[in-house]
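The structure file model-v1.txt is reproduced below (compact mmCIF, C-alpha atoms and all ligand atoms).
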# COMPACT_ATOMS: atom_id res chain seq x y z
CA MET A 191 49.92 -3.89 30.65
CA SER A 192 47.68 -2.03 33.10
CA LEU A 193 49.33 0.18 35.71
CA PHE A 194 48.09 -2.11 38.46
CA GLU A 195 49.58 -5.23 36.79
CA ARG A 196 52.86 -3.41 36.26
CA LEU A 197 53.05 -2.35 39.92
CA LYS A 198 52.13 -5.85 41.06
CA ALA A 199 54.80 -7.44 38.87
CA ASP A 200 57.42 -5.00 40.16
CA ALA A 201 56.39 -5.63 43.77
CA ALA A 202 55.95 -9.39 43.38
CA ARG A 203 57.61 -10.33 46.68
CA GLU A 204 55.68 -7.85 48.83
CA TRP A 205 52.45 -8.58 46.96
CA ALA A 206 52.83 -12.32 47.63
CA SER A 207 53.57 -11.64 51.32
CA TYR A 208 50.15 -9.95 51.46
CA VAL A 209 47.85 -12.09 49.31
CA ASP A 210 49.47 -15.41 50.32
CA HIS A 211 49.83 -14.57 54.00
CA ALA A 212 49.29 -17.36 56.57
CA PHE A 213 46.18 -15.44 57.73
CA VAL A 214 44.74 -15.66 54.21
CA ARG A 215 45.53 -19.37 53.94
CA GLY A 216 43.84 -19.86 57.31
CA LEU A 217 40.71 -18.10 56.04
CA GLY A 218 40.70 -20.35 52.97
CA ASP A 219 40.98 -23.68 54.79
CA GLY A 220 39.11 -22.57 57.90
CA SER A 221 42.12 -23.20 60.19
CA LEU A 222 42.59 -19.54 61.20
CA PRO A 223 42.24 -19.25 65.01
CA GLN A 224 38.97 -17.51 65.76
CA ALA A 225 40.77 -15.15 68.19
CA ALA A 226 42.89 -13.94 65.27
CA PHE A 227 39.80 -13.22 63.19
CA ARG A 228 38.18 -11.36 66.09
CA SER A 229 41.31 -9.28 66.58
CA TYR A 230 41.33 -8.54 62.85
CA LEU A 231 37.66 -7.48 62.89
CA VAL A 232 38.22 -5.02 65.74
CA GLN A 233 41.23 -3.45 64.03
CA ASP A 234 39.45 -3.44 60.69
CA TYR A 235 36.64 -1.34 62.17
CA LEU A 236 39.23 1.27 63.19
CA PHE A 237 40.91 0.86 59.80
CA LEU A 238 37.65 1.65 57.97
CA ILE A 239 37.30 4.92 59.90
CA GLN A 240 40.74 6.01 58.67
CA PHE A 241 40.03 4.80 55.14
CA ALA A 242 36.90 6.93 55.09
CA ARG A 243 39.20 9.89 55.80
CA ALA A 244 41.43 8.81 52.90
CA TYR A 245 38.45 8.91 50.52
CA GLY A 246 37.54 12.31 51.95
CA LEU A 247 41.05 13.38 50.99
CA ALA A 248 40.53 11.88 47.52
CA VAL A 249 37.47 14.14 47.08
CA TYR A 250 39.67 17.10 47.96
CA LYS A 251 42.54 16.00 45.69
CA ALA A 252 40.34 15.29 42.66
CA ASP A 253 40.36 17.81 39.86
CA ARG A 254 37.40 16.45 37.92
CA LEU A 255 33.81 16.19 39.07
CA SER A 256 33.66 12.53 38.02
CA ASP A 257 36.62 11.69 40.29
CA MET A 258 35.08 13.72 43.12
CA ARG A 259 31.81 11.84 42.73
CA ALA A 260 33.55 8.45 42.65
CA ALA A 261 35.54 9.23 45.82
CA ALA A 262 32.44 10.66 47.54
CA ALA A 263 30.47 7.51 46.66
CA THR A 264 33.17 5.32 48.24
CA LEU A 265 33.30 7.59 51.29
CA HIS A 266 29.53 7.22 51.66
CA ALA A 267 29.71 3.44 51.08
CA ILE A 268 32.32 3.04 53.83
CA LEU A 269 30.59 5.28 56.39
CA ASP A 270 26.99 4.24 55.81
CA VAL A 271 27.12 0.72 54.36
CA GLU A 272 30.40 -1.06 55.12
CA MET A 273 30.67 0.09 58.71
CA ASP A 274 27.10 -1.05 59.50
CA LEU A 275 27.81 -4.35 57.80
CA HIS A 276 31.01 -4.63 59.76
CA VAL A 277 29.20 -4.03 63.07
CA ARG A 278 26.72 -6.81 62.17
CA VAL A 279 29.53 -9.22 61.23
CA CYS A 280 31.26 -8.40 64.52
CA ALA A 281 28.05 -9.08 66.46
CA GLY A 282 28.01 -12.56 64.92
CA TRP A 283 31.50 -13.08 66.34
CA GLY A 284 30.52 -11.91 69.83
CA LEU A 285 31.87 -8.36 69.46
CA GLU A 286 29.54 -5.57 70.57
CA ALA A 287 29.59 -2.02 69.16
CA ALA A 288 30.95 -0.91 72.56
CA ASP A 289 33.93 -3.32 72.17
CA LEU A 290 34.71 -1.73 68.82
CA GLU A 291 34.44 1.81 70.07
CA ALA A 292 36.57 1.12 73.15
CA ALA A 293 39.33 -0.55 71.15
CA GLU A 294 42.75 1.05 70.75
CA GLU A 295 44.23 1.24 67.30
CA GLY A 296 47.12 -1.19 67.04
CA ASP A 297 50.49 -0.20 65.61
CA ALA A 298 49.84 -1.99 62.33
CA CYS A 299 46.61 -0.07 61.80
CA VAL A 300 48.19 3.27 62.68
CA ALA A 301 51.19 2.61 60.42
CA TYR A 302 49.17 1.54 57.39
CA THR A 303 46.39 4.10 57.51
CA ARG A 304 48.59 7.09 58.30
CA PHE A 305 51.01 6.03 55.57
CA VAL A 306 48.18 6.12 53.04
CA LEU A 307 46.92 9.48 54.31
CA ASP A 308 50.43 10.92 54.15
CA ALA A 309 50.94 9.64 50.60
CA GLY A 310 47.77 11.46 49.60
CA LEU A 311 48.47 14.62 51.56
CA ARG A 312 51.88 15.23 50.11
CA GLY A 313 51.12 13.81 46.67
CA ASP A 314 48.30 14.03 44.16
CA LEU A 315 45.31 11.82 43.39
CA LEU A 316 47.49 9.32 41.51
CA ASP A 317 49.76 8.86 44.55
CA LEU A 318 46.77 8.41 46.81
CA THR A 319 45.04 5.99 44.43
CA VAL A 320 48.20 3.88 44.11
CA ALA A 321 48.57 3.78 47.91
CA LEU A 322 44.90 2.67 48.20
CA SER A 323 45.06 0.08 45.43
CA PRO A 324 46.49 -2.89 47.39
CA CYS A 325 43.54 -2.53 49.76
CA VAL A 326 40.81 -2.15 47.16
CA ILE A 327 42.09 -4.53 44.47
CA GLY A 328 43.96 -6.92 46.78
CA TYR A 329 40.84 -7.96 48.68
CA ALA A 330 39.12 -8.86 45.40
CA GLU A 331 42.12 -10.96 44.40
CA ILE A 332 42.24 -12.67 47.81
CA GLY A 333 38.50 -13.39 47.94
CA GLY A 334 38.38 -14.50 44.30
CA GLY A 335 41.46 -16.71 44.72
CA LEU A 336 40.14 -18.42 47.86
CA ALA A 337 36.72 -18.99 46.31
CA ALA A 338 38.32 -20.48 43.19
CA GLN A 339 40.19 -22.99 45.36
CA GLY A 340 36.86 -24.09 46.84
CA VAL A 341 35.64 -23.27 50.34
CA ALA A 342 34.18 -25.96 52.62
CA PRO A 343 30.50 -25.36 53.49
CA ASN A 344 31.37 -25.41 57.22
CA ASN A 345 34.28 -22.97 56.92
CA PRO A 346 33.38 -20.18 59.40
CA TYR A 347 35.09 -17.62 57.15
CA ARG A 348 32.99 -18.49 54.10
CA PRO A 349 30.77 -15.37 54.35
CA TRP A 350 33.89 -13.15 54.44
CA ILE A 351 35.33 -14.89 51.38
CA GLU A 352 32.02 -14.75 49.50
CA GLU A 353 31.67 -11.05 50.20
CA TYR A 354 34.93 -10.24 48.41
CA ALA A 355 34.61 -12.99 45.78
CA GLY A 356 31.09 -11.83 44.86
CA ALA A 357 30.27 -9.98 41.66
CA ALA A 358 29.50 -6.70 43.46
CA TYR A 359 32.93 -6.46 45.02
CA GLN A 360 34.71 -7.78 41.91
CA ASP A 361 33.07 -4.90 40.00
CA VAL A 362 34.35 -2.37 42.58
CA ALA A 363 37.90 -3.70 42.08
CA ALA A 364 37.56 -3.74 38.28
CA SER A 365 36.53 -0.09 38.27
CA ALA A 366 39.42 0.75 40.62
CA ARG A 367 41.79 -0.72 38.00
CA VAL A 368 40.19 1.40 35.27
CA THR A 369 40.47 4.55 37.42
CA LEU A 370 44.12 3.82 38.14
CA ASP A 371 44.83 3.46 34.42
CA ARG A 372 43.03 6.68 33.60
CA LEU A 373 44.88 8.66 36.27
CA GLY A 374 48.11 7.06 35.06
CA ALA A 375 47.37 8.06 31.47
CA ASP A 376 46.95 11.67 32.62
CA ARG A 377 49.78 11.92 35.11
CA LEU A 378 52.32 9.09 34.89
CA THR A 379 55.87 9.88 33.84
CA PRO A 380 58.87 7.52 33.95
CA GLN A 381 60.32 9.57 36.84
CA ARG A 382 57.12 9.29 38.82
CA TYR A 383 56.85 5.54 38.36
CA ARG A 384 59.69 4.87 40.82
CA GLU A 385 57.91 6.76 43.59
CA LEU A 386 54.58 5.10 42.78
CA LYS A 387 56.22 1.70 42.95
CA ARG A 388 57.66 2.60 46.36
CA LEU A 389 54.16 3.53 47.58
CA PHE A 390 52.72 0.28 46.25
CA VAL A 391 55.49 -1.85 47.79
CA THR A 392 55.05 -0.20 51.19
CA ALA A 393 51.25 -0.42 51.15
CA SER A 394 51.49 -4.15 50.27
CA ARG A 395 53.95 -4.72 53.13
CA LEU A 396 51.68 -2.87 55.53
CA GLU A 397 48.69 -5.00 54.45
CA ALA A 398 50.78 -8.12 55.24
CA ALA A 399 51.72 -6.56 58.61
CA PHE A 400 48.01 -5.97 59.31
CA TRP A 401 47.30 -9.71 58.93
CA GLN A 402 50.39 -10.58 60.95
CA ALA A 403 49.35 -8.30 63.84
CA ALA A 404 46.08 -10.23 64.18
CA LEU A 405 47.96 -13.56 64.29
CA ASP A 406 50.42 -12.19 66.85
CA ASP A 407 47.65 -10.71 68.96
CA ALA A 408 45.81 -14.03 69.10
CA ALA A 409 49.03 -15.96 69.87
CA ALA A 410 49.78 -13.60 72.78
CA ASP A 411 46.37 -14.25 74.44
C1 LIG B 501 43.24 -4.05 56.26
C2 LIG B 501 42.19 -3.95 55.19
N1 LIG B 501 42.56 -3.82 53.91
C3 LIG B 501 41.62 -3.74 52.96
C4 LIG B 501 40.27 -3.81 53.27
C5 LIG B 501 39.20 -3.74 52.24
N2 LIG B 501 38.64 -2.44 52.11
C6 LIG B 501 38.63 -1.49 53.06
S1 LIG B 501 37.99 -0.01 52.53
C7 LIG B 501 37.74 -0.63 51.01
C8 LIG B 501 37.27 0.22 49.88
C9 LIG B 501 35.84 0.51 49.92
O1 LIG B 501 35.10 -0.54 49.41
C10 LIG B 501 38.11 -1.97 50.97
C11 LIG B 501 38.00 -2.82 49.83
C12 LIG B 501 39.92 -3.95 54.61
N3 LIG B 501 38.62 -3.99 55.00
N4 LIG B 501 40.88 -4.03 55.56

Would you write the structure of this file as structure tokens?
Amino acid sequence: MSLFERLKADAAREWASYVDHAFVRGLGDGSLPQAAFRSYLVQDYLFLIQFARAYGLAVYKADRLSDMRAAAATLHAILDVEMDLHVRVCAGWGLEAADLEAAEEGDACVAYTRFVLDAGLRGDLLDLTVALSPCVIGYAEIGGGLAAQGVAPNNPYRPWIEEYAGAAYQDVAASARVTLDRLGADRLTPQRYRELKRLFVTASRLEAAFWQAALDDAAAD
């Protein structure tokens, strides 16, 4: 079994709370309140900034050129491709670049991103990659799962789902699984597995909390 599948099986409850969250179901059937999606988009912009830092840390933590190059490529993709894409998606939802820049990071964003950065700072590249894996691989599973259920043509969240269900993103997630296995083959010991599982469980819970914060924010409006 791959390291990712093993972690997922051992964190089944927290994993389900993330990938089957009410927010995700609302994306799939189009019933998600638009205010919740807007709140999510604003926080996700701030999230991407912190995740770029995490990939910067992965460059630093890598001890092979190939791992440095892979982390640097993701860092570049986030800063120069995903963030521009994100700004364009936000514009389509009535959010200007100024709205994004003025926004305050919510507690869920702070908790999740700083948790990942801390895991990487005090650990090695395997710790950091495990802490990042619910983000990278989870979105492929969510997008792929929603697309497989069928998405109505008039679902406003269809472009979001198609982005993560698409072949390009599925390939990113597949290579993240391979990287995780390779790092595990080099560095995993039975003693370490318990700590890695703890990182994976917490990151999955914090992903679920990120969805929940957007629902709560919209409900409070
Ligand atoms: C809360 C939250 N979790 C995961 C992602 C997805 N994501 C963010 S950075 C990255 C890796 C680079 O492709 C991926 C897949 C998101 N946007 N927001």

**OP:** Fewer than 5 positions away in the same chain doesn't count, so skip those; otherwise give me all residues within 10 Å of Gln339 in chain A, counting all atoms listed in the file, as a PyMOL selection string.
**Re:** chain A and resi 218-219+334

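What separates CA of Tyr347 in chain A from CA of Ser323 in chain A is a distance of 23.5 Å.
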
**OP:** Go through the chains and note each residue within 10 Å of ligand LIG 501 (chain B), using all atoms listed in the file, then give the set as a ChimeraX atom specification.
**Re:** /A:230-231,233-242,244-245,261,263-269,271-273,276,298-299,302-303,322-330,354,359-360,362-363,366,393-394,396-401

**OP:** Using only C-alpha atoms, collect all residues at a distance of at most 10 Å from (48.1, 6.2, 43.3) as written in the file, then present them as a ChimeraX atom specification.
**Re:** /A:193-194,306,309-310,313-323,369-371,373-374,378,385-387,389-390

Original post:
In Å, how far is it from CA of Arg348 in chain A to CA of Glu331 in chain A?
Top reply: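 Distance reported for this atom pair: 15.3 Å.
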
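The space separating CA of Gly340 in chain A from CA of Asp407 in chain A comes to 28.0 Å.
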
Subject >> Polymer residues at most 12 Å from Pro349 in chain A, only C-alpha atoms, same-chain spacing of 6 or more positions, as a list in words >> reply: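 Selected residues are Leu217, Gly218, Gly220, Leu275, Val279, Gly282, Gly333, Leu336, Ala337, Val341, Ala342, Pro343, Ala355 and Gly356 of chain A.
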
Where's the centre, and what are the edge lengths in Å to one decimal, of a box along x, y and z enclosing all listed atoms of range 231-250 of chain A padded 6 Å per side, as JSON?
{"center_x": 39.0, "center_y": 4.8, "center_z": 56.4, "size_x": 16.8, "size_y": 36.6, "size_z": 30.7}

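The shortest atom-to-atom distance to Ala293 in chain A, with all atoms listed in the file taken into account, belongs to A:Ser229 out of A:Ser256, A:Ser229, A:Thr379, A:Asn344.
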
Original post:
Counting only C-alpha atoms, what is within 8 Å of Val391 in chain A, bar same-chain residues fewer than 4 positions away, as a list in words?
Top reply: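 Using only C-alpha atoms, the neighbours found are Ala201, Glu204, Trp205, Lys387 and Arg395 of chain A.
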
**OP:** With a distance cut-off of 12 Å and all atoms listed in the file, select the neighbouring residues of Pro223 in chain A, excluding the residue or stretch itself and same-chain residues fewer than 4 positions from it, and output the selection as a list in words.
**Re:** Ala212, Phe213, Val214, Arg215, Gly216, Leu217, Asp219, Phe227, Arg228, Ser229, Tyr230, Asn345, Pro346, Tyr347, Ala404, Leu405, Asp406, Asp407, Ala408, Ala409 and Asp411 of chain A
